[in-house]
file my_file.pdb (PDB, C-alpha atoms)
ATOM      1  CA  MET J   1     -24.923  -4.339 -14.171
ATOM      2  CA  GLU J   2     -23.419  -5.293 -17.541
ATOM      3  CA  ARG J   3     -19.832  -6.452 -17.875
ATOM      4  CA  LEU J   4     -17.341  -3.943 -16.589
ATOM      5  CA  SER J   5     -15.360  -2.076 -19.208
ATOM      6  CA  PRO J   6     -11.662  -2.966 -19.213
ATOM      7  CA  LEU J   7      -9.357  -0.076 -18.420
ATOM      8  CA  ASP J   8      -5.618   0.469 -18.716
ATOM      9  CA  GLU J   9      -3.398   3.547 -18.592
ATOM     10  CA  SER J  10      -4.331   4.802 -22.043
ATOM     11  CA  ILE J  11      -8.068   4.171 -21.661
ATOM     12  CA  LEU J  12      -7.989   6.095 -18.399
ATOM     13  CA  GLN J  13      -6.509   9.061 -20.251
ATOM     14  CA  GLN J  14      -9.294   8.796 -22.839
ATOM     15  CA  VAL J  15     -11.901   8.675 -20.064
ATOM     16  CA  LEU J  16     -10.431  11.791 -18.485
ATOM     17  CA  LYS J  17     -10.307  13.542 -21.860
ATOM     18  CA  SER J  18     -13.920  12.721 -22.652
ATOM     19  CA  ASN J  19     -14.934  14.105 -19.276
ATOM     20  CA  ARG J  20     -13.249  17.493 -19.687
ATOM     21  CA  GLY J  21     -15.653  20.058 -18.309
ATOM     22  CA  ASN J  22     -16.538  17.835 -15.372
ATOM     23  CA  VAL J  23     -14.791  17.409 -12.069
ATOM     24  CA  VAL J  24     -13.823  13.732 -12.066
ATOM     25  CA  LEU J  25     -13.246  11.478  -9.086
ATOM     26  CA  VAL J  26     -11.506   8.235 -10.060
ATOM     27  CA  ASN J  27     -11.985   5.675  -7.298
ATOM     28  CA  LEU J  28      -9.835   2.527  -7.225
ATOM     29  CA  TRP J  29     -11.445  -0.257  -5.239
ATOM     30  CA  ALA J  30     -11.615  -4.057  -5.014
ATOM     31  CA  THR J  31     -14.017  -6.638  -3.641
ATOM     32  CA  TRP J  32     -11.275  -7.880  -1.290
ATOM     33  CA  CYS J  33     -10.828  -4.386   0.169
ATOM     34  CA  ALA J  34     -13.194  -3.936   3.142
ATOM     35  CA  PRO J  35     -12.721  -0.166   3.543
ATOM     36  CA  CYS J  36     -13.316   0.236  -0.207
ATOM     37  CA  ARG J  37     -16.686  -1.497   0.116
ATOM     38  CA  GLU J  38     -17.506   0.498   3.235
ATOM     39  CA  GLU J  39     -16.907   3.887   1.636
ATOM     40  CA  MET J  40     -18.673   3.140  -1.655
ATOM     41  CA  PRO J  41     -22.209   4.098  -0.484
ATOM     42  CA  ALA J  42     -20.923   7.507   0.640
ATOM     43  CA  LEU J  43     -19.163   8.030  -2.703
ATOM     44  CA  VAL J  44     -22.368   7.145  -4.559
ATOM     45  CA  ALA J  45     -24.358   9.543  -2.365
ATOM     46  CA  LEU J  46     -21.783  12.272  -3.026
ATOM     47  CA  GLN J  47     -22.002  11.687  -6.770
ATOM     48  CA  SER J  48     -25.788  11.788  -6.582
ATOM     49  CA  ARG J  49     -25.747  15.106  -4.678
ATOM     50  CA  LEU J  50     -23.168  16.815  -6.885
ATOM     51  CA  ALA J  51     -23.778  15.306 -10.331
ATOM     52  CA  SER J  52     -25.865  18.276 -11.455
ATOM     53  CA  LYS J  53     -22.996  20.601 -10.541
ATOM     54  CA  GLY J  54     -20.579  18.615 -12.691
ATOM     55  CA  LEU J  55     -19.117  15.804 -10.574
ATOM     56  CA  LYS J  56     -18.420  12.516 -12.332
ATOM     57  CA  LEU J  57     -17.563   9.435 -10.294
ATOM     58  CA  VAL J  58     -15.510   6.882 -12.227
ATOM     59  CA  THR J  59     -14.951   3.578 -10.422
ATOM     60  CA  VAL J  60     -12.147   1.220 -11.343
ATOM     61  CA  SER J  61     -12.086  -2.251  -9.808
ATOM     62  CA  ALA J  62      -8.613  -3.642  -9.147
ATOM     63  CA  ASP J  63     -10.035  -7.166  -9.006
ATOM     64  CA  GLU J  64      -8.617 -10.047 -10.976
ATOM     65  CA  PRO J  65     -10.697 -11.439 -13.889
ATOM     66  CA  GLU J  66     -12.002 -14.330 -11.784
ATOM     67  CA  ASP J  67     -13.587 -11.843  -9.358
ATOM     68  CA  GLU J  68     -15.323  -9.685 -11.959
ATOM     69  CA  ALA J  69     -18.750 -11.236 -11.312
ATOM     70  CA  SER J  70     -18.484 -10.411  -7.598
ATOM     71  CA  ALA J  71     -17.398  -6.889  -8.463
ATOM     72  CA  ARG J  72     -20.368  -6.439 -10.799
ATOM     73  CA  GLN J  73     -22.761  -7.758  -8.168
ATOM     74  CA  PHE J  74     -21.400  -5.362  -5.550
ATOM     75  CA  LEU J  75     -21.661  -2.373  -7.897
ATOM     76  CA  SER J  76     -25.258  -3.305  -8.742
ATOM     77  CA  GLU J  77     -26.197  -3.685  -5.087
ATOM     78  CA  GLN J  78     -24.682  -0.317  -4.285
ATOM     79  CA  LYS J  79     -26.310   1.291  -7.346
ATOM     80  CA  VAL J  80     -22.955   2.626  -8.437
ATOM     81  CA  PRO J  81     -23.509   4.714 -11.579
ATOM     82  CA  SER J  82     -21.705   4.123 -14.846
ATOM     83  CA  PRO J  83     -19.009   4.370 -15.972
ATOM     84  CA  ALA J  84     -17.615   1.430 -14.016
ATOM     85  CA  TYR J  85     -14.347  -0.129 -15.127
ATOM     86  CA  ILE J  86     -12.106  -2.996 -14.186
ATOM     87  CA  LYS J  87      -8.346  -2.724 -14.608
ATOM     88  CA  ARG J  88      -6.962  -4.959 -17.303
ATOM     89  CA  VAL J  89      -3.292  -4.188 -17.566
ATOM     90  CA  GLU J  90      -0.091  -5.912 -18.545
ATOM     91  CA  ASN J  91       1.705  -4.556 -15.538
ATOM     92  CA  ASP J  92       0.026  -3.400 -12.291
ATOM     93  CA  GLU J  93       3.094  -1.412 -11.353
ATOM     94  CA  LYS J  94       3.006   0.742 -14.491
ATOM     95  CA  PHE J  95      -0.701   1.313 -13.993
ATOM     96  CA  ILE J  96      -0.161   2.401 -10.372
ATOM     97  CA  GLU J  97       2.668   4.731 -11.450
ATOM     98  CA  SER J  98       0.527   6.230 -14.199
ATOM     99  CA  LEU J  99      -2.133   7.245 -11.705
ATOM    100  CA  ASP J 100       0.314   8.716  -9.207
ATOM    101  CA  PRO J 101       4.064   8.071  -8.873
ATOM    102  CA  LYS J 102       3.775   8.610  -5.106
ATOM    103  CA  TRP J 103       1.024   6.024  -4.718
ATOM    104  CA  SER J 104       2.070   2.653  -3.257
ATOM    105  CA  GLY J 105      -0.917   0.743  -4.665
ATOM    106  CA  ALA J 106      -2.717   0.731  -1.304
ATOM    107  CA  LEU J 107      -6.493   0.590  -1.590
ATOM    108  CA  PRO J 108      -8.822   2.372  -1.361
ATOM    109  CA  ALA J 109      -7.476   5.263  -3.385
ATOM    110  CA  SER J 110      -9.282   8.144  -5.070
ATOM    111  CA  PHE J 111      -7.846  10.704  -7.469
ATOM    112  CA  LEU J 112      -9.532  14.046  -8.042
ATOM    113  CA  TYR J 113      -9.283  15.834 -11.411
ATOM    114  CA  ASP J 114     -10.428  19.374 -12.178
ATOM    115  CA  ARG J 115     -12.568  20.414 -15.150
ATOM    116  CA  ASN J 116      -9.444  20.584 -17.320
ATOM    117  CA  GLY J 117      -8.465  17.008 -16.525
ATOM    118  CA  ARG J 118      -5.603  18.000 -14.247
ATOM    119  CA  LYS J 119      -5.080  15.837 -11.185
ATOM    120  CA  VAL J 120      -5.324  18.052  -8.137
ATOM    121  CA  ARG J 121      -5.418  15.640  -5.228
ATOM    122  CA  ALA J 122      -4.908  12.001  -4.242
ATOM    123  CA  PHE J 123      -6.778  10.421  -1.346
ATOM    124  CA  ILE J 124      -5.034   7.233  -0.251
ATOM    125  CA  GLY J 125      -6.654   4.946   2.301
ATOM    126  CA  GLU J 126     -10.023   5.477   3.897
ATOM    127  CA  VAL J 127     -11.176   8.889   2.819
ATOM    128  CA  ASP J 128     -12.588  11.559   5.100
ATOM    129  CA  MET J 129     -15.827  12.282   3.261
ATOM    130  CA  LYS J 130     -16.078  15.857   4.578
ATOM    131  CA  GLU J 131     -12.571  16.588   3.377
ATOM    132  CA  LEU J 132     -13.276  14.959   0.023
ATOM    133  CA  GLU J 133     -16.518  16.869  -0.469
ATOM    134  CA  ALA J 134     -14.822  20.150   0.433
ATOM    135  CA  ALA J 135     -12.075  19.468  -2.098
ATOM    136  CA  ILE J 136     -14.644  18.616  -4.784
ATOM    137  CA  ARG J 137     -16.829  21.646  -4.058
ATOM    138  CA  LYS J 138     -13.800  23.894  -4.399
ATOM    139  CA  LEU J 139     -13.435  22.676  -7.988
ATOM    140  CA  LEU J 140     -17.112  22.759  -8.972
TER     141      LEU J 140
ATOM    142  CA  MET B   1      22.340  33.299  18.149
ATOM    143  CA  LYS B   2      22.932  33.079  14.424
ATOM    144  CA  THR B   3      25.286  30.137  15.000
ATOM    145  CA  LEU B   4      22.697  28.444  17.158
ATOM    146  CA  THR B   5      20.039  28.955  14.506
ATOM    147  CA  ILE B   6      22.254  27.507  11.784
ATOM    148  CA  PHE B   7      23.165  24.594  14.059
ATOM    149  CA  GLY B   8      19.494  24.046  14.811
ATOM    150  CA  LEU B   9      18.569  24.035  11.125
ATOM    151  CA  ALA B  10      21.411  21.644  10.349
ATOM    152  CA  ALA B  11      20.305  19.314  13.140
ATOM    153  CA  LEU B  12      16.713  19.506  11.928
ATOM    154  CA  THR B  13      17.800  18.729   8.376
ATOM    155  CA  ALA B  14      19.886  15.785   9.576
ATOM    156  CA  GLY B  15      16.913  14.579  11.595
ATOM    157  CA  LEU B  16      14.675  14.736   8.573
ATOM    158  CA  LEU B  17      17.236  12.827   6.536
ATOM    159  CA  ILE B  18      17.352   9.890   8.924
ATOM    160  CA  ALA B  19      13.708   9.851   9.987
ATOM    161  CA  GLY B  20      12.384   8.298   6.794
ATOM    162  CA  PRO B  21      10.332   7.387   4.921
ATOM    163  CA  TYR B  22      12.962   4.946   3.812
ATOM    164  CA  ASN B  23      13.650   4.525   0.128
ATOM    165  CA  VAL B  24      16.190   2.377  -1.650
ATOM    166  CA  GLY B  25      19.570   3.713  -0.512
ATOM    167  CA  SER B  26      18.291   5.031   2.844
ATOM    168  CA  LYS B  27      20.079   4.079   6.049
ATOM    169  CA  VAL B  28      17.795   2.364   8.553
ATOM    170  CA  GLU B  29      18.253   3.593  12.102
ATOM    171  CA  ASN B  30      17.622   1.412  15.129
ATOM    172  CA  PHE B  31      14.034   1.220  16.357
ATOM    173  CA  THR B  32      12.063  -0.596  19.032
ATOM    174  CA  ILE B  33       9.223  -2.967  18.300
ATOM    175  CA  GLN B  34       7.010  -5.009  20.634
ATOM    176  CA  ASP B  35       6.854  -8.772  20.725
ATOM    177  CA  LEU B  36       3.382 -10.271  21.112
ATOM    178  CA  ASN B  37       3.766 -10.235  24.905
ATOM    179  CA  GLY B  38       4.290  -6.483  24.801
ATOM    180  CA  GLN B  39       8.033  -6.592  25.470
ATOM    181  CA  GLY B  40      10.135  -4.057  23.594
ATOM    182  CA  VAL B  41      12.786  -5.475  21.270
ATOM    183  CA  ASN B  42      15.505  -3.504  19.501
ATOM    184  CA  PHE B  43      15.909  -3.929  15.769
ATOM    185  CA  SER B  44      19.653  -4.026  16.379
ATOM    186  CA  ASP B  45      19.103  -7.347  18.188
ATOM    187  CA  LEU B  46      17.028  -8.794  15.357
ATOM    188  CA  LYS B  47      18.958  -7.766  12.264
ATOM    189  CA  GLY B  48      21.625  -9.759  10.478
ATOM    190  CA  ASP B  49      23.929  -9.344   7.515
ATOM    191  CA  VAL B  50      20.800  -9.303   5.381
ATOM    192  CA  THR B  51      17.439  -8.490   6.939
ATOM    193  CA  VAL B  52      13.909  -8.494   5.595
ATOM    194  CA  VAL B  53      11.440  -6.160   7.276
ATOM    195  CA  MET B  54       7.966  -7.155   6.159
ATOM    196  CA  PHE B  55       4.688  -5.412   6.973
ATOM    197  CA  ILE B  56       1.809  -7.878   7.099
ATOM    198  CA  ALA B  57      -1.804  -8.073   8.280
ATOM    199  CA  THR B  58      -4.227 -10.576   9.745
ATOM    200  CA  GLN B  59      -7.351  -9.436   7.902
ATOM    201  CA  CYS B  60      -6.049  -8.233   4.553
ATOM    202  CA  PRO B  61      -6.945 -10.833   1.897
ATOM    203  CA  ILE B  62      -3.923  -9.873  -0.187
ATOM    204  CA  SER B  63      -1.516 -10.304   2.715
ATOM    205  CA  ASN B  64      -3.207 -13.594   3.588
ATOM    206  CA  ASP B  65      -2.816 -14.831   0.026
ATOM    207  CA  TYR B  66       0.922 -14.557   0.630
ATOM    208  CA  ASN B  67       1.040 -16.492   3.927
ATOM    209  CA  GLN B  68       2.222 -19.681   2.278
ATOM    210  CA  ARG B  69       4.716 -17.819   0.100
ATOM    211  CA  MET B  70       6.046 -15.989   3.185
ATOM    212  CA  ASN B  71       6.543 -19.331   4.917
ATOM    213  CA  GLU B  72       8.421 -20.645   1.888
ATOM    214  CA  LEU B  73      10.614 -17.555   1.600
ATOM    215  CA  TYR B  74      11.438 -17.767   5.278
ATOM    216  CA  SER B  75      12.290 -21.464   4.998
ATOM    217  CA  GLU B  76      14.531 -20.841   2.011
ATOM    218  CA  PHE B  77      16.375 -17.749   3.171
ATOM    219  CA  ALA B  78      16.567 -18.147   6.960
ATOM    220  CA  GLY B  79      18.851 -21.091   6.200
ATOM    221  CA  LYS B  80      21.084 -18.732   4.215
ATOM    222  CA  GLY B  81      21.452 -16.390   7.165
ATOM    223  CA  VAL B  82      18.765 -13.868   6.288
ATOM    224  CA  LYS B  83      16.932 -12.443   9.310
ATOM    225  CA  PHE B  84      13.237 -11.678   9.046
ATOM    226  CA  VAL B  85      11.282  -9.101  11.025
ATOM    227  CA  PHE B  86       7.569  -9.485  10.342
ATOM    228  CA  ILE B  87       5.577  -6.531  11.617
ATOM    229  CA  ASN B  88       1.881  -5.909  12.085
ATOM    230  CA  SER B  89       1.220  -2.150  12.209
ATOM    231  CA  ASN B  90      -2.554  -2.218  11.850
ATOM    232  CA  ALA B  91      -4.228  -0.420  14.746
ATOM    233  CA  SER B  92      -7.306  -2.565  14.100
ATOM    234  CA  GLU B  93      -5.451  -5.859  14.696
ATOM    235  CA  PRO B  94      -4.425  -6.331  18.353
ATOM    236  CA  ALA B  95      -1.528  -8.508  19.527
ATOM    237  CA  ALA B  96      -3.831 -11.383  20.555
ATOM    238  CA  GLU B  97      -5.290 -11.515  17.052
ATOM    239  CA  VAL B  98      -1.803 -11.371  15.517
ATOM    240  CA  SER B  99      -0.720 -14.265  17.740
ATOM    241  CA  GLN B 100      -3.758 -16.363  16.833
ATOM    242  CA  HIS B 101      -3.284 -15.602  13.132
ATOM    243  CA  ALA B 102       0.379 -16.654  13.292
ATOM    244  CA  LYS B 103      -0.569 -19.955  14.914
ATOM    245  CA  ALA B 104      -3.442 -20.591  12.490
ATOM    246  CA  ASN B 105      -1.094 -20.105   9.540
ATOM    247  CA  SER B 106       1.765 -22.085  11.080
ATOM    248  CA  PHE B 107       4.182 -19.194  10.724
ATOM    249  CA  PRO B 108       7.683 -20.470  11.467
ATOM    250  CA  PHE B 109       8.739 -16.885  12.262
ATOM    251  CA  LYS B 110       7.896 -14.342  14.947
ATOM    252  CA  VAL B 111       5.560 -11.469  14.245
ATOM    253  CA  TYR B 112       6.014  -8.179  16.069
ATOM    254  CA  LYS B 113       3.451  -5.527  16.909
ATOM    255  CA  ASP B 114       4.069  -1.915  15.942
ATOM    256  CA  ALA B 115       2.201   0.034  18.613
ATOM    257  CA  GLY B 116       1.079   3.400  17.304
ATOM    258  CA  ASN B 117       2.402   2.467  13.832
ATOM    259  CA  GLN B 118       5.651   4.260  14.641
ATOM    260  CA  VAL B 119       7.765   1.805  12.684
ATOM    261  CA  ALA B 120       5.444   1.919   9.663
ATOM    262  CA  ASP B 121       5.641   5.721   9.804
ATOM    263  CA  ARG B 122       9.418   5.639   9.998
ATOM    264  CA  PHE B 123       9.699   3.255   7.054
ATOM    265  CA  GLY B 124       6.934   5.017   5.148
ATOM    266  CA  ALA B 125       5.179   1.664   4.768
ATOM    267  CA  GLN B 126       1.691   2.065   3.329
ATOM    268  CA  VAL B 127       0.424  -1.321   2.320
ATOM    269  CA  THR B 128       0.346  -5.001   3.257
ATOM    270  CA  PRO B 129       2.283  -6.979   2.316
ATOM    271  CA  GLU B 130       5.264  -4.643   1.827
ATOM    272  CA  ALA B 131       8.902  -5.686   2.106
ATOM    273  CA  PHE B 132      12.218  -3.941   2.727
ATOM    274  CA  VAL B 133      15.579  -5.670   2.308
ATOM    275  CA  ILE B 134      18.355  -4.176   4.404
ATOM    276  CA  ASP B 135      22.016  -5.029   3.997
ATOM    277  CA  LYS B 136      24.834  -5.421   6.514
ATOM    278  CA  VAL B 137      25.509  -1.702   6.825
ATOM    279  CA  GLY B 138      21.825  -0.886   7.249
ATOM    280  CA  THR B 139      21.102   0.350   3.732
ATOM    281  CA  VAL B 140      17.740  -0.378   2.120
ATOM    282  CA  ARG B 141      18.506  -2.424  -0.994
ATOM    283  CA  TYR B 142      14.963  -3.362  -2.012
ATOM    284  CA  HIS B 143      11.507  -1.990  -1.290
ATOM    285  CA  GLY B 144       8.248  -3.332  -2.626
ATOM    286  CA  TYR B 145       6.245  -6.427  -3.319
ATOM    287  CA  ILE B 146       6.938 -10.094  -2.595
ATOM    288  CA  ASP B 147       6.053 -10.889  -6.179
ATOM    289  CA  ASP B 148       3.939  -9.375  -8.901
ATOM    290  CA  SER B 149       0.771 -11.475  -8.626
ATOM    291  CA  ARG B 150      -1.704 -12.223  -5.895
ATOM    292  CA  ASN B 151      -2.446 -15.409  -7.794
ATOM    293  CA  ALA B 152       0.624 -17.638  -7.459
ATOM    294  CA  ALA B 153      -0.095 -19.198 -10.861
ATOM    295  CA  ASN B 154       0.443 -15.832 -12.592
ATOM    296  CA  ILE B 155       3.736 -14.729 -11.068
ATOM    297  CA  LYS B 156       6.194 -13.245 -13.543
ATOM    298  CA  VAL B 157       8.586 -11.419 -11.216
ATOM    299  CA  ARG B 158       9.632 -12.638  -7.764
ATOM    300  CA  GLY B 159      10.808  -9.239  -6.576
ATOM    301  CA  LEU B 160      11.770 -10.123  -3.011
ATOM    302  CA  LYS B 161      13.447 -13.437  -3.827
ATOM    303  CA  ASN B 162      15.410 -11.838  -6.675
ATOM    304  CA  ALA B 163      16.527  -9.037  -4.360
ATOM    305  CA  LEU B 164      17.662 -11.467  -1.659
ATOM    306  CA  ASP B 165      19.554 -13.598  -4.162
ATOM    307  CA  ALA B 166      21.276 -10.463  -5.483
ATOM    308  CA  VAL B 167      22.215  -9.040  -2.081
ATOM    309  CA  LEU B 168      23.445 -12.411  -0.804
ATOM    310  CA  SER B 169      25.686 -12.783  -3.828
ATOM    311  CA  GLY B 170      27.022  -9.244  -3.576
ATOM    312  CA  GLN B 171      25.227  -8.050  -6.698
ATOM    313  CA  SER B 172      23.139  -4.940  -7.199
ATOM    314  CA  VAL B 173      19.367  -5.418  -7.176
ATOM    315  CA  ALA B 174      18.051  -5.055 -10.726
ATOM    316  CA  ASN B 175      14.517  -3.930  -9.867
ATOM    317  CA  ALA B 176      14.948  -2.390  -6.437
ATOM    318  CA  GLN B 177      11.658  -0.501  -6.139
ATOM    319  CA  THR B 178       8.358  -2.218  -6.973
ATOM    320  CA  LYS B 179       4.647  -1.648  -6.372
ATOM    321  CA  ALA B 180       1.521  -3.776  -6.203
ATOM    322  CA  PHE B 181      -2.072  -3.464  -5.086
ATOM    323  CA  GLY B 182      -2.606  -4.189  -1.406
ATOM    324  CA  CYS B 183      -4.475  -3.155   1.726
ATOM    325  CA  THR B 184      -3.762   0.180   3.349
ATOM    326  CA  ILE B 185      -2.034  -0.070   6.727
ATOM    327  CA  LYS B 186      -4.653   1.059   9.227
ATOM    328  CA  ARG B 187      -2.966   3.694  11.328
ATOM    329  CA  GLU B 188      -4.070   5.005  14.706
ATOM    330  CA  LYS B 189      -6.320   7.980  14.381
ATOM    331  CA  LYS B 190      -4.463  11.019  15.661
ATOM    332  CA  ALA B 191      -6.411  13.373  17.888
ATOM    333  CA  SER B 192      -7.174  16.505  15.875
TER     334      SER B 192
END
call {"tool": "encode", "arguments": {"input": "my_file.pdb", "output": "structure tokens"}}
result
Amino acid sequence: MERLSPLDESILQQVLKSNRGNVVLVNLWATWCAPCREEMPALVALQSRLASKGLKLVTVSADEPEDEASARQFLSEQKVPSPAYIKRVENDEKFIESLDPKWSGALPASFLYDRNGRKVRAFIGEVDMKELEAAIRKLL
Amino acid sequence: MKTLTIFGLAALTAGLLIAGPYNVGSKVENFTIQDLNGQGVNFSDLKGDVTVVMFIATQCPISNDYNQRMNELYSEFAGKGVKFVFINSNASEPAAEVSQHAKANSFPFKVYKDAGNQVADRFGAQVTPEAFVIDKVGTVRYHGYIDDSRNAANIKVRGLKNALDAVLSGQSVANAQTKAFGCTIKREKKAS
């Protein structure tokens, strides 16, 4: 996988805007987060199954710059589709708030957006894949 | 009947108000926590004029990156009268593992086990590490990170230290609610 694209609050908004018409799942993960790594194959499989219906998986690594190579390697091994980003922000706190004011910053975290780019649900911690798929299918 | 219903609603509302999750300004009620031998200990016996309640983990790399900084904070502030209550709420990390981890990292403080993550639920703690500073009257004065960078070389804001300095000197805490990336507290799976 090529270098990960840097992402901050405003780039995330651009990503969501450019994906209007799709249901978007933004997944925040990190190489240091074991449950994030564990759930990634299921997220990739979900994206693969539902891509033709309009699901777009957008991954954002919360790793520090020194861990980007490990993040890239993991994404390649897991065949995680593009777009794959890495957060590059001045202030983690503002970035966390911009995604969801109720979110503590605990990983993993996934945020589900409808076809109009409106956030409809936050999944914090290890996600129940059946619940996630049901929520996505409702929007597709 | 009507009176009873109103009383019941009022009691329920009061219950909800004190049950947490705790935010800055909330009053912390007494709770029981287990030491690593399984003995129950009351928070009222652990707290002081200023108390830090800190949720930590054995396996979370972020929490572990702060082990040294937690030791240093303890060394600095225990001498100033601050009490520390370190809590492991992860269902996946049993007391024996917590004990071994504390020894391996030369923790100068006790770590308590939160069976069934009841204390984490009451505080609304979600992540490790996550700190609460509680003052003499039991009010939460700070909630959030230890500092703003996993990498000690990049720290810009020492949230917990700043909060303790402020509370100890009778000042208000400038940045009383903070957030940082961390590991989710692994709660017990409830039977559905």
call {"tool": "closest_residue", "arguments": {"input": "my_file.pdb", "among": "J:Asn116, J:Asn19, J:Ser10, J:Ser104", "to": "chain B", "atoms": "all atoms listed in the file"}}
result
J:Ser104
call {"tool": "residues_around", "arguments": {"input": "my_file.pdb", "residues": "Gln34 (chain B)", "least_positions_apart": "5", "cutoff": "6 Å", "atoms": "all atoms listed in the file", "output": "PyMOL selection string"}}
result
chain B and resi 39-41+112-113
call {"tool": "closest_residue", "arguments": {"input": "my_file.pdb", "among": "B:Gln59, B:Asn117, B:Asn37, B:Ser75", "to": "chain J", "atoms": "all atoms listed in the file"}}
result
B:Gln59
call {"tool": "interface_residues", "arguments": {"input": "my_file.pdb", "of": "chain B", "to": "chain J", "cutoff": "7 Å", "atoms": "all atoms listed in the file", "output": "MDAnalysis selection string"}}
result
chainID B and resid 61 126:127 178:184
call {"tool": "resolve_selection", "arguments": {"input": "my_file.pdb", "expression": "the PyMOL selection byres ((chain B and resi 160) around 12)", "output": "ChimeraX atom specification"}}
result
/B:51-54,69-70,73-74,77,129-134,141-148,157-159,161-167,173-179
call {"tool": "atom_distance", "arguments": {"input": "my_file.pdb", "atom1": "CA of Ser110 (chain J)", "atom2": "CA of Ala115 (chain B)"}}
result
27.5 Å
call {"tool": "axis_aligned_box", "arguments": {"input": "my_file.pdb", "around": "region 138-141 of chain B", "padding_each_side": "4 Å", "output": "lines of an AutoDock Vina configuration file"}}
result
center_x = 19.8
center_y = -1.0
center_z = 3.1
size_x = 12.1
size_y = 10.8
size_z = 16.2
call {"tool": "resolve_selection", "arguments": {"input": "my_file.pdb", "expression": "the PyMOL selection byres ((chain B and resi 67) around 12)", "output": "PyMOL selection string"}}
result
chain B and resi 54+56-66+68-74+86+101-109+128-129+146+150+152
call {"tool": "atom_distance", "arguments": {"input": "my_file.pdb", "atom1": "CA of Asp8 (chain J)", "atom2": "CA of Val89 (chain J)"}}
result
5.3 Å
call {"tool": "residues_around", "arguments": {"input": "my_file.pdb", "residues": "Arg115 (chain J)", "least_positions_apart": "4", "cutoff": "7 Å", "atoms": "all atoms listed in the file", "output": "PDB file with C-alpha atoms, keeping the file's coordinate frame"}}
result
ATOM      1  CA  ARG J  20     -13.249  17.493 -19.687  1.00  0.00           C
ATOM      2  CA  GLY J  21     -15.653  20.058 -18.309  1.00  0.00           C
ATOM      3  CA  ASN J  22     -16.538  17.835 -15.372  1.00  0.00           C
ATOM      4  CA  VAL J  23     -14.791  17.409 -12.069  1.00  0.00           C
TER       5      VAL J  23
END
call {"tool": "residues_around", "arguments": {"input": "my_file.pdb", "residues": "Glu68 (chain J)", "least_positions_apart": "4", "cutoff": "12 Å", "atoms": "all atoms listed in the file", "output": "PyMOL selection string"}}
result
chain J and resi 1-6+30-32+60-64+72-75+84-88
